[in-house]
Amino acid sequence: MSEQIDPYVKIFVDKIDKTTAKELLKNEFNGEFDVNSMHLDNIIVEARNNIEAKKGPEEDFLFWPIIVELESESEPNALISETSRVLEMLWNSGFPAIAACDFENLLPWNGGIDRDFSQF
């Protein structure tokens, strides 16, 4: 990648609570949360309630109840790979999820924005 990307991702997740999100992430990464954060080798993963939830239209992902945040200080390709991994894990678990970041176009289904969630 030649252009600089912001090494931060927000993934908005619907039909889930924070406890379930944290359990799924713990299992996926074989890690442990310290309150809301899980520090891994090359990434920090956080799961938190979206304070904007229910303040807007339900179909607008910005108002979905949970936000999973990923941040990396290492090379961008690691963050792209781990973001794709989290999205796929959430989708395979039956939860709609959409990523907001500088590299959505490099993620499956453009970060989820192009995915049909009607079957979820």
# chains A, B, ... in the order shown; residues from 1 in each chain; ligands from 1

$ residues_around --residues "range 87-93 of chain A" --least-positions-apart "2" --cutoff "10 Å" --atoms "only C-alpha atoms" --output "list in words"
Ile11, Phe12, Val13, Asp14, Ile16, Ala21, Leu24, Leu25, Glu28, Val68, Glu82, Thr83, Ser84, Arg85, Phe95, Pro96, Ala97, Ile98, Ala99, Leu107, Pro108, Trp109, Gly111, Gly112, Arg115, Phe117 and Phe120 of chain A

$ select_by_dssp --residues "range 28-118 of chain A" --states "strand (DSSP E or B)" --output "list in words"
Asp34, Ser37, Met38, His39, Ile44, Val45, Glu46, Ala47, Arg48, Asn49, Ile66, Ile67, Val68, Glu69, Leu70, Glu71, Ala97, Ile98, Ala99 and Ala100 of chain A

$ write_last_selection --atoms "N, CA and C atoms" --output "PDB file, in the first residue's frame"
ATOM      1  N   ASP A  34      -9.485  -7.234  29.134  1.00  0.00           N
ATOM      2  CA  ASP A  34      -9.268  -6.494  30.363  1.00  0.00           C
ATOM      3  C   ASP A  34     -10.295  -5.366  30.309  1.00  0.00           C
ATOM      4  N   SER A  37     -11.076  -4.052  26.580  1.00  0.00           N
ATOM      5  CA  SER A  37      -9.975  -4.170  25.619  1.00  0.00           C
ATOM      6  C   SER A  37      -9.290  -5.523  25.698  1.00  0.00           C
ATOM      7  N   MET A  38      -8.864  -5.990  24.531  1.00  0.00           N
ATOM      8  CA  MET A  38      -8.061  -7.202  24.425  1.00  0.00           C
ATOM      9  C   MET A  38      -6.805  -6.823  23.638  1.00  0.00           C
ATOM     10  N   HIS A  39      -5.641  -6.959  24.263  1.00  0.00           N
ATOM     11  CA  HIS A  39      -4.377  -6.609  23.621  1.00  0.00           C
ATOM     12  C   HIS A  39      -3.739  -7.874  23.074  1.00  0.00           C
ATOM     13  N   ILE A  44      -5.142  -4.166  18.907  1.00  0.00           N
ATOM     14  CA  ILE A  44      -5.973  -3.962  20.097  1.00  0.00           C
ATOM     15  C   ILE A  44      -7.420  -4.090  19.640  1.00  0.00           C
ATOM     16  N   VAL A  45      -8.188  -4.914  20.335  1.00  0.00           N
ATOM     17  CA  VAL A  45      -9.596  -5.142  20.014  1.00  0.00           C
ATOM     18  C   VAL A  45     -10.428  -4.642  21.182  1.00  0.00           C
ATOM     19  N   GLU A  46     -11.438  -3.837  20.891  1.00  0.00           N
ATOM     20  CA  GLU A  46     -12.345  -3.349  21.928  1.00  0.00           C
ATOM     21  C   GLU A  46     -13.776  -3.636  21.516  1.00  0.00           C
ATOM     22  N   ALA A  47     -14.614  -3.889  22.503  1.00  0.00           N
ATOM     23  CA  ALA A  47     -16.047  -4.058  22.266  1.00  0.00           C
ATOM     24  C   ALA A  47     -16.768  -3.168  23.258  1.00  0.00           C
ATOM     25  N   ARG A  48     -17.653  -2.339  22.747  1.00  0.00           N
ATOM     26  CA  ARG A  48     -18.364  -1.401  23.626  1.00  0.00           C
ATOM     27  C   ARG A  48     -19.771  -1.141  23.103  1.00  0.00           C
ATOM     28  N   ASN A  49     -20.605  -0.650  24.003  1.00  0.00           N
ATOM     29  CA  ASN A  49     -21.945  -0.245  23.615  1.00  0.00           C
ATOM     30  C   ASN A  49     -21.842   1.038  22.793  1.00  0.00           C
ATOM     31  N   ILE A  66     -23.760  -2.234  19.082  1.00  0.00           N
ATOM     32  CA  ILE A  66     -22.391  -2.550  19.513  1.00  0.00           C
ATOM     33  C   ILE A  66     -21.372  -2.047  18.498  1.00  0.00           C
ATOM     34  N   ILE A  67     -20.247  -1.549  19.036  1.00  0.00           N
ATOM     35  CA  ILE A  67     -19.120  -1.154  18.201  1.00  0.00           C
ATOM     36  C   ILE A  67     -17.925  -1.998  18.615  1.00  0.00           C
ATOM     37  N   VAL A  68     -17.316  -2.644  17.630  1.00  0.00           N
ATOM     38  CA  VAL A  68     -16.048  -3.338  17.829  1.00  0.00           C
ATOM     39  C   VAL A  68     -14.992  -2.458  17.179  1.00  0.00           C
ATOM     40  N   GLU A  69     -13.976  -2.107  17.954  1.00  0.00           N
ATOM     41  CA  GLU A  69     -12.913  -1.266  17.433  1.00  0.00           C
ATOM     42  C   GLU A  69     -11.630  -2.076  17.331  1.00  0.00           C
ATOM     43  N   LEU A  70     -10.917  -1.856  16.244  1.00  0.00           N
ATOM     44  CA  LEU A  70      -9.623  -2.506  16.018  1.00  0.00           C
ATOM     45  C   LEU A  70      -8.602  -1.416  15.744  1.00  0.00           C
ATOM     46  N   GLU A  71      -7.456  -1.545  16.383  1.00  0.00           N
ATOM     47  CA  GLU A  71      -6.402  -0.567  16.181  1.00  0.00           C
ATOM     48  C   GLU A  71      -5.076  -1.306  16.142  1.00  0.00           C
ATOM     49  N   ALA A  97     -22.863  -6.846  10.409  1.00  0.00           N
ATOM     50  CA  ALA A  97     -21.731  -6.019  10.819  1.00  0.00           C
ATOM     51  C   ALA A  97     -21.222  -5.238   9.612  1.00  0.00           C
ATOM     52  N   ILE A  98     -20.900  -3.967   9.861  1.00  0.00           N
ATOM     53  CA  ILE A  98     -20.374  -3.098   8.808  1.00  0.00           C
ATOM     54  C   ILE A  98     -19.186  -2.327   9.367  1.00  0.00           C
ATOM     55  N   ALA A  99     -18.078  -2.352   8.636  1.00  0.00           N
ATOM     56  CA  ALA A  99     -16.863  -1.658   9.047  1.00  0.00           C
ATOM     57  C   ALA A  99     -16.833  -0.242   8.484  1.00  0.00           C
ATOM     58  N   ALA A 100     -16.322   0.674   9.286  1.00  0.00           N
ATOM     59  CA  ALA A 100     -16.070   2.046   8.858  1.00  0.00           C
ATOM     60  C   ALA A 100     -14.574   2.305   9.065  1.00  0.00           C
TER      61      ALA A 100
END

$ residues_around --residues "Lys55 in chain A" --least-positions-apart "5" --cutoff "10 Å" --atoms "only C-alpha atoms" --output "list in words"
Leu62, Phe63 and Trp64 of chain A

$ closest_residue --among "A:Lys15, A:Glu58, A:Asn77, A:Pro65" --to "Ile43 in chain A" --atoms "only C-alpha atoms"
A:Asn77
